[in-house]
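Trainee: Next comes query.cif, mmCIF, C-alpha atoms:
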```cif
data_coords
#
loop_
_atom_site.label_atom_id
_atom_site.label_comp_id
_atom_site.auth_asym_id
_atom_site.auth_seq_id
_atom_site.Cartn_x
_atom_site.Cartn_y
_atom_site.Cartn_z
CA MET K 955 110.11 122.57 24.20
CA ASP K 956 106.37 122.29 23.56
CA ILE K 957 104.15 124.90 21.93
CA THR K 958 103.08 126.32 25.31
CA ALA K 959 106.71 127.05 26.10
CA VAL K 960 107.14 128.56 22.61
CA ASN K 961 104.19 130.90 23.20
CA ALA K 962 105.71 132.05 26.50
CA LEU K 963 109.01 133.14 24.89
CA PRO K 964 109.79 136.86 24.73
CA TYR K 965 110.42 137.92 21.14
CA GLU K 966 114.19 138.07 21.66
CA GLU K 967 114.43 134.44 22.71
CA PHE K 968 111.94 133.39 20.05
CA VAL K 969 114.06 135.06 17.35
CA ASN K 970 117.24 133.56 18.81
CA ILE K 971 115.79 130.06 18.77
CA PHE K 972 113.81 130.18 15.50
CA GLY K 973 115.90 132.78 13.66
CA ASN K 974 117.29 130.33 11.13
CA VAL K 975 114.30 128.07 10.42
CA VAL K 976 114.40 129.86 7.07
CA GLU K 977 118.08 130.20 6.21
CA LYS K 978 119.45 133.64 7.19
CA CYS K 979 115.93 135.12 7.31
CA PRO K 980 115.30 135.92 11.00
CA ILE K 981 112.85 138.57 9.81
CA ILE K 982 110.36 135.75 9.07
CA PRO K 983 110.05 134.25 12.56
CA ALA K 984 110.43 137.78 13.98
CA ALA K 985 107.38 138.78 11.93
CA VAL K 986 105.18 135.79 12.75
CA TRP K 987 105.89 136.19 16.48
CA THR K 988 103.17 138.85 16.19
CA ARG K 989 100.65 136.05 15.55
CA ARG K 990 101.27 134.09 18.75
CA PRO K 991 99.82 132.32 20.66
CA PHE K 992 100.10 129.34 18.32
CA VAL K 993 97.70 126.50 19.05
CA SER K 994 100.21 123.96 17.76
CA LEU K 995 103.52 123.56 15.97
CA ASN K 996 101.45 123.22 12.85
CA ALA K 997 99.96 126.68 13.42
CA LEU K 998 103.42 128.21 13.81
CA GLU K 999 104.52 126.46 10.64
CA THR K 1000 101.43 127.69 8.78
CA ALA K 1001 102.09 131.27 9.90
CA ILE K 1002 105.62 131.07 8.48
CA MET K 1003 104.41 129.55 5.20
CA GLU K 1004 101.73 132.22 4.83
CA PHE K 1005 104.27 134.97 5.43
CA ILE K 1006 106.50 133.53 2.72
CA ASP K 1007 103.59 133.10 0.30
CA ALA K 1008 102.55 136.73 0.80
CA LEU K 1009 105.96 138.06 -0.22
CA PRO K 1010 106.35 139.52 -3.71
CA GLU K 1011 108.20 137.32 -6.20
CA SER K 1012 111.36 139.35 -5.62
CA GLY K 1013 111.11 138.54 -1.90
CA LYS K 1014 110.82 134.84 -2.63
CA GLU K 1015 113.90 135.08 -4.85
CA GLY K 1016 115.54 136.97 -1.98
CA ILE K 1017 114.94 133.99 0.31
CA LEU K 1018 116.53 131.65 -2.23
CA ARG K 1019 119.55 133.97 -2.58
CA CYS K 1020 120.14 133.75 1.18
CA HIS K 1021 120.88 130.03 0.75
CA PRO K 1022 124.41 128.66 0.30
CA ASP K 1023 125.43 126.40 -2.56
CA LEU K 1024 125.38 122.69 -1.84
CA ALA K 1025 128.95 121.47 -1.41
CA GLY K 1026 130.04 125.02 -2.16
CA ARG K 1027 132.50 127.53 -0.82
CA ASP K 1028 130.78 127.99 2.56
CA LEU K 1029 131.01 124.27 3.27
CA GLN K 1030 134.66 124.23 2.23
CA ILE K 1031 135.75 127.22 4.32
CA GLY K 1032 133.47 126.52 7.29
CA THR K 1033 131.12 129.50 7.00
CA LEU K 1034 127.83 127.61 6.74
CA THR K 1035 125.20 128.16 9.42
CA ARG K 1036 125.06 125.30 11.91
CA GLU K 1037 121.80 124.04 10.44
CA SER K 1038 123.09 124.03 6.85
CA ARG K 1039 126.33 122.35 7.86
CA GLU K 1040 124.49 119.53 9.61
CA GLU K 1041 122.08 119.09 6.71
CA GLN K 1042 124.78 119.16 4.03
CA THR K 1043 127.12 116.79 5.83
CA GLY K 1044 124.15 114.50 6.60
CA ALA K 1045 123.57 114.21 2.87
CA GLY K 1046 127.24 113.49 2.19
CA MET K 1047 128.05 116.87 0.65
CA ASP K 1048 131.39 116.88 2.52
CA ALA K 1049 132.29 113.45 1.16
CA LEU K 1050 132.01 113.83 -2.61
CA SER K 1051 134.51 112.10 -4.83
CA PRO K 1052 136.67 114.49 -6.91
CA LYS K 1053 134.51 113.65 -9.93
CA GLU K 1054 131.26 114.27 -8.04
CA ALA K 1055 132.61 117.49 -6.59
CA LEU K 1056 133.54 118.78 -10.02
CA ARG K 1057 130.15 117.85 -11.44
CA MET K 1058 128.37 119.51 -8.52
CA ALA K 1059 130.41 122.69 -8.94
CA HIS K 1060 129.72 122.85 -12.67
CA LEU K 1061 126.01 122.23 -12.27
CA ASN K 1062 125.73 124.79 -9.44
CA GLU K 1063 127.32 127.41 -11.67
CA GLU K 1064 125.08 126.48 -14.60
CA TYR K 1065 122.00 126.67 -12.37
CA LYS K 1066 122.94 130.06 -10.92
CA LYS K 1067 123.83 131.47 -14.32
CA ARG K 1068 120.45 130.37 -15.66
CA PHE K 1069 118.24 131.40 -12.73
CA ASP K 1070 120.13 134.09 -10.75
CA PHE K 1071 119.50 132.23 -7.50
CA PRO K 1072 121.02 129.04 -6.10
CA PHE K 1073 119.75 125.48 -6.35
CA VAL K 1074 117.81 124.80 -3.15
CA ILE K 1075 116.81 121.30 -2.11
CA CYS K 1076 115.94 119.75 1.23
CA ALA K 1077 119.19 117.83 1.78
CA ARG K 1078 117.74 115.80 4.65
CA MET K 1079 115.17 114.28 2.30
CA ASN K 1080 117.73 113.34 -0.36
CA ASP K 1081 121.04 111.54 -0.74
CA LYS K 1082 124.10 112.45 -2.75
CA ALA K 1083 123.11 110.67 -5.95
CA ASN K 1084 119.59 112.04 -5.84
CA ILE K 1085 120.79 115.60 -5.24
CA LEU K 1086 123.13 115.47 -8.23
CA GLN K 1087 120.41 114.02 -10.42
CA GLN K 1088 117.83 116.61 -9.40
CA LEU K 1089 120.29 119.47 -9.80
CA SER K 1090 120.99 118.27 -13.33
CA GLU K 1091 117.30 117.86 -14.19
CA ARG K 1092 116.12 121.09 -12.58
CA CYS K 1093 118.68 123.09 -14.61
CA GLN K 1094 116.36 122.44 -17.56
CA ASN K 1095 113.22 123.93 -15.99
CA PRO K 1096 111.76 127.34 -16.81
CA ARG K 1097 112.70 130.05 -14.33
CA ALA K 1098 109.22 130.47 -12.82
CA VAL K 1099 109.00 126.73 -12.20
CA GLU K 1100 112.33 126.73 -10.38
CA ARG K 1101 111.42 129.74 -8.26
CA THR K 1102 108.29 127.95 -7.10
CA ARG K 1103 110.14 124.69 -6.63
CA GLY K 1104 112.95 126.36 -4.68
CA VAL K 1105 110.45 127.94 -2.31
CA GLU K 1106 108.77 124.54 -1.81
CA GLU K 1107 112.14 123.13 -0.83
CA VAL K 1108 112.70 126.08 1.56
CA LYS K 1109 109.42 125.13 3.24
CA LYS K 1110 110.46 121.47 3.58
CA ILE K 1111 113.75 122.55 5.15
CA CYS K 1112 111.87 124.91 7.47
CA ARG K 1113 109.43 122.18 8.52
CA LEU K 1114 112.24 119.83 9.52
CA ARG K 1115 114.12 122.58 11.35
CA LEU K 1116 110.94 123.45 13.26
CA GLN K 1117 110.37 119.80 14.15
CA GLY K 1118 113.88 119.72 15.56
CA LEU K 1119 113.02 122.60 17.88
CA VAL K 1120 109.43 121.97 19.00
CA LEU K 1121 107.97 118.74 20.34
CA THR K 1122 105.33 117.39 18.02
CA ASP K 1123 104.23 114.27 19.88
CA PRO K 1124 100.87 115.02 21.51
CA LEU K 1125 101.93 112.77 24.39
CA ASN K 1126 104.49 115.37 25.33
CA LYS K 1127 101.75 117.85 26.07
CA LEU K 1128 100.07 115.65 28.69
CA MET S 1491 132.73 151.16 -5.53
CA ASP S 1492 130.45 153.14 -7.83
CA ILE S 1493 126.99 152.13 -9.00
CA THR S 1494 128.34 150.63 -12.24
CA ALA S 1495 130.49 148.27 -10.20
CA VAL S 1496 127.48 147.49 -7.98
CA ASN S 1497 125.40 146.56 -11.03
CA ALA S 1498 128.14 144.22 -12.23
CA LEU S 1499 128.17 142.18 -8.99
CA PRO S 1500 126.86 138.60 -9.09
CA TYR S 1501 124.06 138.17 -6.56
CA GLU S 1502 126.32 136.32 -4.12
CA GLU S 1503 128.78 139.18 -3.85
CA PHE S 1504 125.97 141.72 -3.79
CA VAL S 1505 124.34 139.91 -0.84
CA ASN S 1506 127.71 139.56 0.90
CA ILE S 1507 128.42 143.27 0.59
CA PHE S 1508 124.94 144.72 1.16
CA GLY S 1509 123.51 141.93 3.34
CA ASN S 1510 123.42 144.01 6.50
CA VAL S 1511 122.32 147.42 5.21
CA VAL S 1512 119.11 146.50 7.04
CA GLU S 1513 120.22 144.81 10.24
CA LYS S 1514 120.19 141.00 9.92
CA CYS S 1515 117.84 141.17 6.91
CA PRO S 1516 119.91 139.97 3.92
CA ILE S 1517 116.62 138.93 2.30
CA ILE S 1518 116.00 142.62 1.52
CA PRO S 1519 119.09 143.34 -0.62
CA ALA S 1520 118.82 139.79 -1.98
CA ALA S 1521 115.29 140.64 -3.14
CA VAL S 1522 116.06 144.05 -4.66
CA TRP S 1523 119.01 142.61 -6.60
CA THR S 1524 116.25 141.49 -8.99
CA ARG S 1525 115.67 145.15 -9.86
CA ARG S 1526 119.19 145.96 -11.05
CA PRO S 1527 120.63 147.72 -12.95
CA PHE S 1528 120.32 150.71 -10.64
CA VAL S 1529 120.84 154.07 -12.29
CA SER S 1530 122.28 155.51 -9.07
CA LEU S 1531 122.83 154.83 -5.38
CA ASN S 1532 119.58 156.67 -4.88
CA ALA S 1533 117.76 154.14 -7.08
CA LEU S 1534 119.16 151.22 -5.06
CA GLU S 1535 118.12 152.97 -1.86
CA THR S 1536 114.64 153.59 -3.24
CA ALA S 1537 114.27 149.91 -4.21
CA ILE S 1538 115.12 148.89 -0.65
CA MET S 1539 112.71 151.44 0.87
CA GLU S 1540 109.92 150.30 -1.45
CA PHE S 1541 110.49 146.68 -0.52
CA ILE S 1542 110.25 147.58 3.17
CA ASP S 1543 107.13 149.71 2.63
CA ALA S 1544 105.40 146.85 0.77
CA LEU S 1545 105.84 144.43 3.69
CA PRO S 1546 102.83 143.72 5.88
CA GLU S 1547 102.89 145.38 9.31
CA SER S 1548 104.08 142.11 10.85
CA GLY S 1549 107.05 142.15 8.47
CA LYS S 1550 107.94 145.70 9.51
CA GLU S 1551 107.77 144.62 13.15
CA GLY S 1552 109.95 141.65 12.15
CA ILE S 1553 112.60 144.05 10.86
CA LEU S 1554 112.54 145.96 14.14
CA ARG S 1555 112.86 142.71 16.13
CA CYS S 1556 116.04 141.87 14.22
CA HIS S 1557 117.68 144.91 15.83
CA PRO S 1558 119.75 144.70 19.02
CA ASP S 1559 119.12 146.84 22.08
CA LEU S 1560 121.22 149.98 22.35
CA ALA S 1561 123.91 149.42 25.00
CA GLY S 1562 122.38 146.00 25.54
CA ARG S 1563 123.57 142.46 26.00
CA ASP S 1564 125.00 142.07 22.47
CA LEU S 1565 127.24 145.11 22.97
CA GLN S 1566 128.37 143.78 26.35
CA ILE S 1567 129.20 140.26 25.21
CA GLY S 1568 130.54 141.22 21.77
CA THR S 1569 127.84 139.68 19.58
CA LEU S 1570 126.76 142.81 17.70
CA THR S 1571 127.14 142.89 13.93
CA ARG S 1572 130.15 144.96 12.85
CA GLU S 1573 127.92 147.76 11.62
CA SER S 1574 125.92 147.96 14.85
CA ARG S 1575 129.05 147.85 16.99
CA GLU S 1576 130.61 150.75 15.09
CA GLU S 1577 127.40 152.78 15.25
CA GLN S 1578 126.77 152.12 18.94
CA THR S 1579 130.34 152.81 20.01
CA GLY S 1580 130.37 155.93 17.83
CA ALA S 1581 127.39 157.23 19.82
CA GLY S 1582 129.10 156.42 23.12
CA MET S 1583 126.93 153.42 23.99
CA ASP S 1584 130.02 151.60 25.28
CA ALA S 1585 130.95 154.50 27.53
CA LEU S 1586 127.85 155.08 29.63
CA SER S 1587 128.24 155.98 33.30
CA PRO S 1588 126.78 153.40 35.70
CA LYS S 1589 123.79 155.69 36.19
CA GLU S 1590 123.24 156.15 32.45
CA ALA S 1591 123.65 152.43 31.84
CA LEU S 1592 121.01 151.64 34.46
CA ARG S 1593 118.63 154.19 33.02
CA MET S 1594 119.16 152.88 29.49
CA ALA S 1595 118.55 149.29 30.60
CA HIS S 1596 115.36 150.25 32.45
CA LEU S 1597 114.00 152.29 29.55
CA ASN S 1598 114.86 149.58 27.01
CA GLU S 1599 112.89 147.06 29.06
CA GLU S 1600 109.98 149.44 29.46
CA TYR S 1601 109.96 150.12 25.72
CA LYS S 1602 110.07 146.44 24.77
CA LYS S 1603 107.40 145.53 27.31
CA ARG S 1604 105.14 148.21 25.89
CA PHE S 1605 105.72 147.64 22.16
CA ASP S 1606 107.03 144.05 21.73
CA PHE S 1607 109.90 145.28 19.60
CA PRO S 1608 113.10 147.13 20.50
CA PHE S 1609 113.78 150.87 20.47
CA VAL S 1610 115.45 151.62 17.14
CA ILE S 1611 117.20 154.93 16.47
CA CYS S 1612 119.89 155.95 14.02
CA ALA S 1613 122.79 156.13 16.49
CA ARG S 1614 125.05 157.94 14.02
CA MET S 1615 122.63 160.87 13.93
CA ASN S 1616 122.37 161.14 17.72
CA ASP S 1617 124.56 161.40 20.80
CA LYS S 1618 124.25 159.69 24.16
CA ALA S 1619 122.14 162.37 25.84
CA ASN S 1620 119.83 162.64 22.86
CA ILE S 1621 119.35 158.89 22.61
CA LEU S 1622 118.40 158.62 26.28
CA GLN S 1623 115.99 161.51 25.96
CA GLN S 1624 114.30 160.13 22.84
CA LEU S 1625 114.06 156.66 24.33
CA SER S 1626 112.32 158.14 27.35
CA GLU S 1627 109.96 160.25 25.24
CA ARG S 1628 109.14 157.58 22.67
CA CYS S 1629 108.11 155.15 25.43
CA GLN S 1630 105.01 157.35 25.73
CA ASN S 1631 103.91 157.06 22.09
CA PRO S 1632 101.09 154.86 20.80
CA ARG S 1633 102.27 151.54 19.36
CA ALA S 1634 101.41 152.35 15.72
CA VAL S 1635 103.36 155.60 15.95
CA GLU S 1636 106.41 153.78 17.27
CA ARG S 1637 106.23 151.08 14.61
CA THR S 1638 106.25 153.76 11.91
CA ARG S 1639 108.96 155.73 13.69
CA GLY S 1640 111.13 152.64 14.17
CA VAL S 1641 110.93 151.84 10.46
CA GLU S 1642 111.88 155.45 9.63
CA GLU S 1643 114.97 155.04 11.79
CA VAL S 1644 115.77 151.71 10.07
CA LYS S 1645 115.73 153.60 6.78
CA LYS S 1646 118.07 156.30 8.10
CA ILE S 1647 120.48 153.62 9.31
CA CYS S 1648 120.22 151.85 5.94
CA ARG S 1649 120.90 155.07 4.02
CA LEU S 1650 124.10 155.74 5.97
CA ARG S 1651 125.27 152.14 5.63
CA LEU S 1652 124.68 152.33 1.87
CA GLN S 1653 126.60 155.59 1.65
CA GLY S 1654 129.49 153.86 3.37
CA LEU S 1655 129.53 151.22 0.64
CA VAL S 1656 128.78 153.08 -2.60
CA LEU S 1657 130.40 156.25 -3.86
CA THR S 1658 127.89 159.07 -4.08
CA ASP S 1659 130.05 161.87 -5.47
CA PRO S 1660 129.11 162.30 -9.14
CA LEU S 1661 132.76 163.21 -9.81
CA ASN S 1662 133.63 159.60 -9.09
CA LYS S 1663 131.63 158.50 -12.06
CA LEU S 1664 133.62 160.56 -14.55
#
```
Could I get this file's structure written as structure tokens?
Mentor:
Amino acid sequence: MDITAVNALPYEEFVNIFGNVVEKCPIIPAAVWTRRPFVSLNALETAIMEFIDALPESGKEGILRCHPDLAGRDLQIGTLTRESREEQTGAGMDALSPKEALRMAHLNEEYKKRFDFPFVICARMNDKANILQQLSERCQNPRAVERTRGVEEVKKICRLRLQGLVLTDPLNKL
Amino acid sequence: MDITAVNALPYEEFVNIFGNVVEKCPIIPAAVWTRRPFVSLNALETAIMEFIDALPESGKEGILRCHPDLAGRDLQIGTLTRESREEQTGAGMDALSPKEALRMAHLNEEYKKRFDFPFVICARMNDKANILQQLSERCQNPRAVERTRGVEEVKKICRLRLQGLVLTDPLNKL
């Protein structure tokens, strides 16, 4: 689908297709639909980022709290969204050793206890070892730093999900 | 569950329980969790209403666009949220005559074509005849009036969903 096809979508189809580009936040694409037509995928992405940036801090924390733990309960019992499942399994979150799994669980709990939102990282841009290391390091950050960092990761995840849905190669528009 | 129990919930359980008090917008309860402890159900409700009111107009339209049609495709194919299904069936949306169903479908399309968001009404406060009449009448309103009206209905729906989850009788707190 190219951006011309995106712009031609009725809101219902748009929300169906883009509803999870920010995890469990269909309100975000549903809101930016108002700003179509988009001149490019980049313009659609920018509209989403601007909507997120304009939210109050509580709203940004709300976005983070809509995210599942990495290698957490939702992965174990099969209740992840399709996008999260693919991203987590791609990063090896379903193939942790017992020792890694225990460490991940402990660090997730520590992180959530400290910040009141989950550790969010773009799994497709990291591997298992890197995720564990960053989780451990980021547990030490101040809360405001982690809120900002978490939202940056949400945007990276969103960007990759969008690129999976809309053609970006200019050749495809010819 | 009384408000003391609500205040004791970790964010994950809070979002699980209250995630659909605004249809498909878990970001909203996930955001207002930041404002706990709530002195009463009313305070929780107020926090949600204030979060909605503070959204830009596009965000309010986004909330409306997360709502299903009344007696629409999601009801027919079984993809409504539990809350919506109970509310729609309670108002007789699954028991329309062929003539009523046709009229509802036509008016829903007319409404969406005119406003670019769906007709939202608190089904639990209306019956079949009333819903059809209001849908027909509201199709004639200016867009800004309908956006405001739709959000008012979202709040009524939210209030009733909250009351179904949290005890309101002060006697229960003794």
Trainee: Please identify all residues of chain S having at least one atom at most 12 Å from any atom of chain K, considering all atoms listed in the file, and return them as a ChimeraX atom specification.
Mentor: /S:1499-1506,1508-1510,1512-1526,1537-1538,1540-1542,1544-1559,1563-1564,1599,1602-1603,1605-1608
Trainee: Could you give me, as a PyMOL selection string, the residues within 8 Å of Glu1107 (chain K), counting only C-alpha atoms and dropping anything in the same chain fewer than 4 positions from it?
Mentor: chain K and resi 1074-1076+1103+1111
Trainee: Show me, as an NGL selection string, the residues that have an atom within 12 Å of Asn1084 (chain K) when counting all atoms listed in the file, minus same-chain residues fewer than 6 positions from it.
Mentor: :K and (1045-1047 or 1058 or 1075-1078 or 1090-1092)
Trainee: Write the residues you've just listed into a file as a PDB file, in the coordinates of the input, and include C-alpha atoms for each of them.
Mentor:
```pdb
ATOM      1  CA  ALA K1045     123.570 114.210   2.870  1.00  0.00           C
ATOM      2  CA  GLY K1046     127.240 113.490   2.190  1.00  0.00           C
ATOM      3  CA  MET K1047     128.050 116.870   0.650  1.00  0.00           C
ATOM      4  CA  MET K1058     128.370 119.510  -8.520  1.00  0.00           C
ATOM      5  CA  ILE K1075     116.810 121.300  -2.110  1.00  0.00           C
ATOM      6  CA  CYS K1076     115.940 119.750   1.230  1.00  0.00           C
ATOM      7  CA  ALA K1077     119.190 117.830   1.780  1.00  0.00           C
ATOM      8  CA  ARG K1078     117.740 115.800   4.650  1.00  0.00           C
ATOM      9  CA  SER K1090     120.990 118.270 -13.330  1.00  0.00           C
ATOM     10  CA  GLU K1091     117.300 117.860 -14.190  1.00  0.00           C
ATOM     11  CA  ARG K1092     116.120 121.090 -12.580  1.00  0.00           C
TER      12      ARG K1092
END
```
Trainee: How many Å separate CA of Gln1087 (chain K) from CA of Leu1029 (chain K)?
Mentor: 20.1 Å
Trainee: Could you tell me how far CA of Asn1497 (chain S) lies from CA of Pro1527 (chain S), in Å and to one decimal?
Mentor: 5.3 Å
Trainee: Between CA of Lys1110 (chain K) and CA of Leu1089 (chain K), what is the spacing in Å?
Mentor: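 Rounded to one decimal, the two atoms are 16.7 Å apart.
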Trainee: Selected by the PyMOL selection byres ((chain S and resi 1579) around 12) in the shown coordinates: which residues, as a list in words?
Mentor: Leu1560, Ala1561, Gly1562, Leu1565, Gln1566, Gly1568, Leu1570, Arg1572, Glu1573, Ser1574, Arg1575, Glu1576, Glu1577, Gln1578, Gly1580, Ala1581, Gly1582, Met1583, Asp1584, Ala1585, Leu1586, Ala1613, Arg1614, Asn1616, Asp1617 and Lys1618 of chain S
Trainee: Using only C-alpha atoms, which protein or nucleic acid residues come within 9 Å of Val1529 (chain S)? Drop anything in the same chain fewer than 3 positions from it, and give the result as a PyMOL selection string.
Mentor: chain S and resi 1493-1494+1497+1526+1532-1534
Trainee: Take the residues just selected and output them with C-alpha atoms as a short mmCIF file (atom, residue, chain, number, x, y, z; two decimals), keeping the file's coordinate frame.
Mentor:
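New file result-v8.cif:
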```cif
data_model
loop_
_atom_site.label_atom_id
_atom_site.label_comp_id
_atom_site.auth_asym_id
_atom_site.auth_seq_id
_atom_site.Cartn_x
_atom_site.Cartn_y
_atom_site.Cartn_z
CA ILE S 1493 126.99 152.13 -9.00
CA THR S 1494 128.34 150.63 -12.24
CA ASN S 1497 125.40 146.56 -11.03
CA ARG S 1526 119.19 145.96 -11.05
CA ASN S 1532 119.58 156.67 -4.88
CA ALA S 1533 117.76 154.14 -7.08
CA LEU S 1534 119.16 151.22 -5.06
#
```
Trainee: Find, counting all atoms listed in the file, the residue in K:Tyr1065, K:Leu995, K:Ala959, K:Ile971 that gets nearest to Pro1096 (chain K).
Mentor: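 The answer is K:Tyr1065, which sits nearest to Pro1096 (chain K).
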Trainee: Within 12 Å of (128.0, 156.5, 2.7) (coordinates as in the file), grab all the protein and nucleic acid residues, counting all atoms listed in the file, and write them out as a ChimeraX atom specification.
Mentor: /S:1491-1492,1511,1531-1532,1535,1614,1646-1659
